[in-house]
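For reference, entry.cif (mmCIF, C-alpha atoms and all ligand atoms):
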```
data_data
loop_
_atom_site.group_PDB
_atom_site.id
_atom_site.type_symbol
_atom_site.label_atom_id
_atom_site.label_comp_id
_atom_site.auth_asym_id
_atom_site.auth_seq_id
_atom_site.Cartn_x
_atom_site.Cartn_y
_atom_site.Cartn_z
ATOM 1 C CA MET A 14 -10.199 2.024 -1.886
ATOM 2 C CA ILE A 15 -7.013 0.521 -0.503
ATOM 3 C CA GLN A 16 -5.558 3.808 0.671
ATOM 4 C CA SER A 17 -8.464 4.809 2.884
ATOM 5 C CA LYS A 18 -8.746 1.306 4.381
ATOM 6 C CA ILE A 19 -5.070 1.288 5.315
ATOM 7 C CA GLN A 20 -5.255 4.817 6.592
ATOM 8 C CA ARG A 21 -8.184 3.892 8.831
ATOM 9 C CA LEU A 22 -6.415 0.825 10.189
ATOM 10 C CA LEU A 23 -3.297 2.792 10.983
ATOM 11 C CA GLU A 24 -5.175 5.751 12.468
ATOM 12 C CA ASP A 25 -7.392 3.538 14.634
ATOM 13 C CA ASP A 26 -4.369 1.757 15.966
ATOM 14 C CA PHE A 27 -2.633 5.039 16.651
ATOM 15 C CA LYS A 28 -5.644 6.410 18.536
ATOM 16 C CA THR A 29 -5.718 3.459 20.900
ATOM 17 C CA SER A 30 -1.998 3.433 21.523
ATOM 18 C CA LYS A 31 -0.602 5.546 24.341
ATOM 19 C CA THR A 32 2.815 6.111 22.871
ATOM 20 C CA ILE A 33 4.070 7.010 19.443
ATOM 21 C CA SER A 34 3.909 3.547 18.007
ATOM 22 C CA ASP A 35 5.464 1.723 15.105
ATOM 23 C CA TRP A 36 2.075 2.074 13.457
ATOM 24 C CA HIS A 37 2.281 5.828 13.460
ATOM 25 C CA LYS A 38 5.757 5.835 11.970
ATOM 26 C CA LEU A 39 4.631 3.329 9.378
ATOM 27 C CA PHE A 40 1.558 5.404 8.609
ATOM 28 C CA MET A 41 3.677 8.478 7.874
ATOM 29 C CA ILE A 42 6.054 6.472 5.692
ATOM 30 C CA LEU A 43 3.327 4.622 3.802
ATOM 31 C CA LYS A 44 1.353 7.782 3.123
ATOM 32 C CA LYS A 45 4.311 9.153 1.182
ATOM 33 C CA ASP A 46 4.987 5.751 -0.357
ATOM 34 C CA VAL A 47 1.440 5.365 -1.634
ATOM 35 C CA HIS A 48 1.481 8.879 -3.022
ATOM 36 C CA ASP A 49 4.840 8.338 -4.778
ATOM 37 C CA PHE A 50 3.767 4.957 -6.164
ATOM 38 C CA ILE A 51 0.602 6.454 -7.647
ATOM 39 C CA GLU A 52 2.594 9.341 -9.137
ATOM 40 C CA ARG A 53 4.976 6.860 -10.818
ATOM 41 C CA ASN A 54 2.275 4.507 -12.068
ATOM 42 C CA LYS A 55 -0.856 6.494 -12.731
ATOM 43 C CA ILE A 56 -2.654 6.570 -16.028
ATOM 44 C CA ILE A 57 -4.668 9.680 -16.703
ATOM 45 C CA GLU A 58 -7.911 9.094 -18.512
ATOM 46 C CA ILE A 59 -10.062 11.881 -19.824
ATOM 47 C CA ASN A 60 -13.627 10.969 -20.644
ATOM 48 C CA GLU A 61 -17.130 12.388 -20.358
ATOM 49 C CA GLN A 62 -16.897 12.193 -16.536
ATOM 50 C CA GLY A 63 -13.792 14.374 -16.605
ATOM 51 C CA VAL A 64 -10.226 13.534 -15.643
ATOM 52 C CA GLN A 65 -9.673 10.241 -13.851
ATOM 53 C CA ILE A 66 -6.513 8.901 -12.277
ATOM 54 C CA LEU A 67 -6.195 5.160 -12.750
ATOM 55 C CA TYR A 68 -3.694 2.738 -11.252
ATOM 56 C CA CYS A 69 -3.490 -0.958 -10.532
ATOM 57 C CA THR A 70 -4.625 -1.658 -6.954
ATOM 58 C CA GLN A 71 -3.059 -5.150 -7.003
ATOM 59 C CA CYS A 72 0.356 -3.671 -7.772
ATOM 60 C CA LEU A 73 -0.193 -0.930 -5.180
ATOM 61 C CA LYS A 74 -1.021 -3.547 -2.561
ATOM 62 C CA ALA A 75 2.130 -5.532 -3.408
ATOM 63 C CA HIS A 76 4.217 -2.369 -3.221
ATOM 64 C CA MET A 77 2.731 -1.304 0.114
ATOM 65 C CA LEU A 78 3.337 -4.701 1.662
ATOM 66 C CA ALA A 79 6.901 -4.704 0.328
ATOM 67 C CA SER A 80 7.524 -1.254 1.838
ATOM 68 C CA ALA A 81 5.956 -2.209 5.148
ATOM 69 C CA ARG A 82 8.126 -5.317 5.280
ATOM 70 C CA LEU A 83 11.213 -3.291 4.440
ATOM 71 C CA LYS A 84 10.446 -0.819 7.231
ATOM 72 C CA GLY A 85 10.372 -3.694 9.682
ATOM 73 C CA ILE A 86 6.644 -3.877 10.385
ATOM 74 C CA LYS A 87 5.838 -6.525 12.983
ATOM 75 C CA LYS A 88 4.579 -9.803 11.575
ATOM 76 C CA ASN A 89 1.068 -9.624 13.086
ATOM 77 C CA ASN A 90 0.582 -6.087 11.763
ATOM 78 C CA PHE A 91 1.836 -7.180 8.372
ATOM 79 C CA ILE A 92 -0.685 -10.012 8.283
ATOM 80 C CA ALA A 93 -3.454 -7.621 9.395
ATOM 81 C CA MET A 94 -2.563 -5.263 6.546
ATOM 82 C CA ASP A 95 -2.549 -8.093 4.050
ATOM 83 C CA GLU A 96 -5.974 -9.315 5.156
ATOM 84 C CA LEU A 97 -7.471 -5.835 5.267
ATOM 85 C CA MET A 98 -6.820 -5.283 1.597
ATOM 86 C CA GLU A 99 -9.126 -7.529 -0.356
ATOM 87 C CA GLU A 100 -7.283 -7.159 -3.633
ATOM 88 C CA GLN A 101 -4.950 -9.885 -4.812
ATOM 89 C CA THR A 102 -1.295 -9.121 -4.173
ATOM 90 C CA GLY A 103 0.323 -8.285 -7.499
ATOM 91 C CA HIS A 104 0.060 -10.716 -10.391
ATOM 92 C CA ASP A 105 1.347 -14.279 -10.152
ATOM 93 C CA GLY A 106 4.165 -13.381 -7.781
ATOM 94 C CA TYR A 107 5.160 -10.109 -9.451
ATOM 95 C CA TYR A 108 4.155 -6.477 -9.556
ATOM 96 C CA LEU A 109 4.924 -3.545 -11.781
ATOM 97 C CA ASP A 110 6.439 -0.315 -10.481
ATOM 98 C CA GLY A 111 7.296 2.147 -13.241
ATOM 99 C CA ASP A 112 9.328 0.220 -15.826
ATOM 100 C CA GLU A 113 10.389 -2.374 -13.306
ATOM 101 C CA LEU A 114 8.845 -5.810 -12.851
ATOM 102 C CA LYS A 115 9.434 -6.711 -9.221
ATOM 103 C CA ARG A 116 9.248 -10.119 -7.648
ATOM 104 C CA ILE A 117 7.085 -10.567 -4.551
ATOM 105 C CA ASP A 118 9.470 -12.320 -2.199
ATOM 106 C CA TYR A 119 8.418 -11.014 1.184
ATOM 107 C CA MET A 120 5.352 -13.118 1.924
ATOM 108 C CA ASN A 121 7.164 -15.689 4.064
HETATM 109 ZN ZN ZN A 201 -0.991 -4.640 -11.389
#
```
Could I get this file's structure written as structure tokens?
Ligand SMILES: [Zn+2]
Amino acid sequence: MIQSKIQRLLEDDFKTSKTISDWHKLFMILKKDVHDFIERNKIIEINEQGVQILYCTQCLKAHMLASARLKGIKKNNFIAMDELMEEQTGHDGYYLDGDELKRIDYMN
């Protein structure tokens, strides 16, 4: 799951850093961001296994990278985040957030 992978990366980095780092700030921001994104975009499915929360991990990845970029994450950390998440980023240069189709324009 994307969320736990990112969380681990950010926590590991924080543990090894001696000061309150950019990573820690980013971690706190992204935690809320991920939560809010899922709230906006989740689909609730009820089946024989019970209630399941579904969302598109490719769109979540695109959104997280966009947020990280916006918060001024350093380039090497941004690349590390991108590589850590195995999912494709969005869909053909775009991702969906609520009713909005957003263009992925932060990769360069
Ligand atoms: Zn998607």
Near ligand ZN 201 (chain A), 7 Å: chain A residue rows, closest pairs, only C-alpha atoms and all ligand atoms, as a Markdown table:
```
| residue | atom | partner | partner_atom | distance |
| --- | --- | --- | --- | --- |
| A:Cys69 | CA | A:ZN201 | ZN | 4.5 |
| A:Thr70 | CA | A:ZN201 | ZN | 6.5 |
| A:Gln71 | CA | A:ZN201 | ZN | 4.9 |
| A:Cys72 | CA | A:ZN201 | ZN | 4.0 |
| A:Gly103 | CA | A:ZN201 | ZN | 5.5 |
| A:His104 | CA | A:ZN201 | ZN | 6.2 |
| A:Tyr108 | CA | A:ZN201 | ZN | 5.8 |
| A:Leu109 | CA | A:ZN201 | ZN | 6.0 |
```
* **Near-Met77 in chain A list (10 Å; all atoms listed in the file; drop same-chain fewer than 2 positions) as an MDAnalysis selection string** => chainID A and resid 15:16 19 43:44 46:47 50 71:75 79:83 94:95 102
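Counting from CA of Val64 in chain A, the distance to CA of His76 in chain A is 24.8 Å.
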* Can you work out the spacing between CA of Lys45 in chain A and CA of Lys84 in chain A in Å, to one decimal? => 13.2 Å
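Put simply, CA of Ile66 in chain A is 9.6 Å away from CA of Glu52 in chain A.
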* Point (-5.0, 4.9, -19.4) neighbourhood (10 Å, only C-alpha atoms) written as a VMD selection string -> chain A and resid 55 to 59 65 to 68
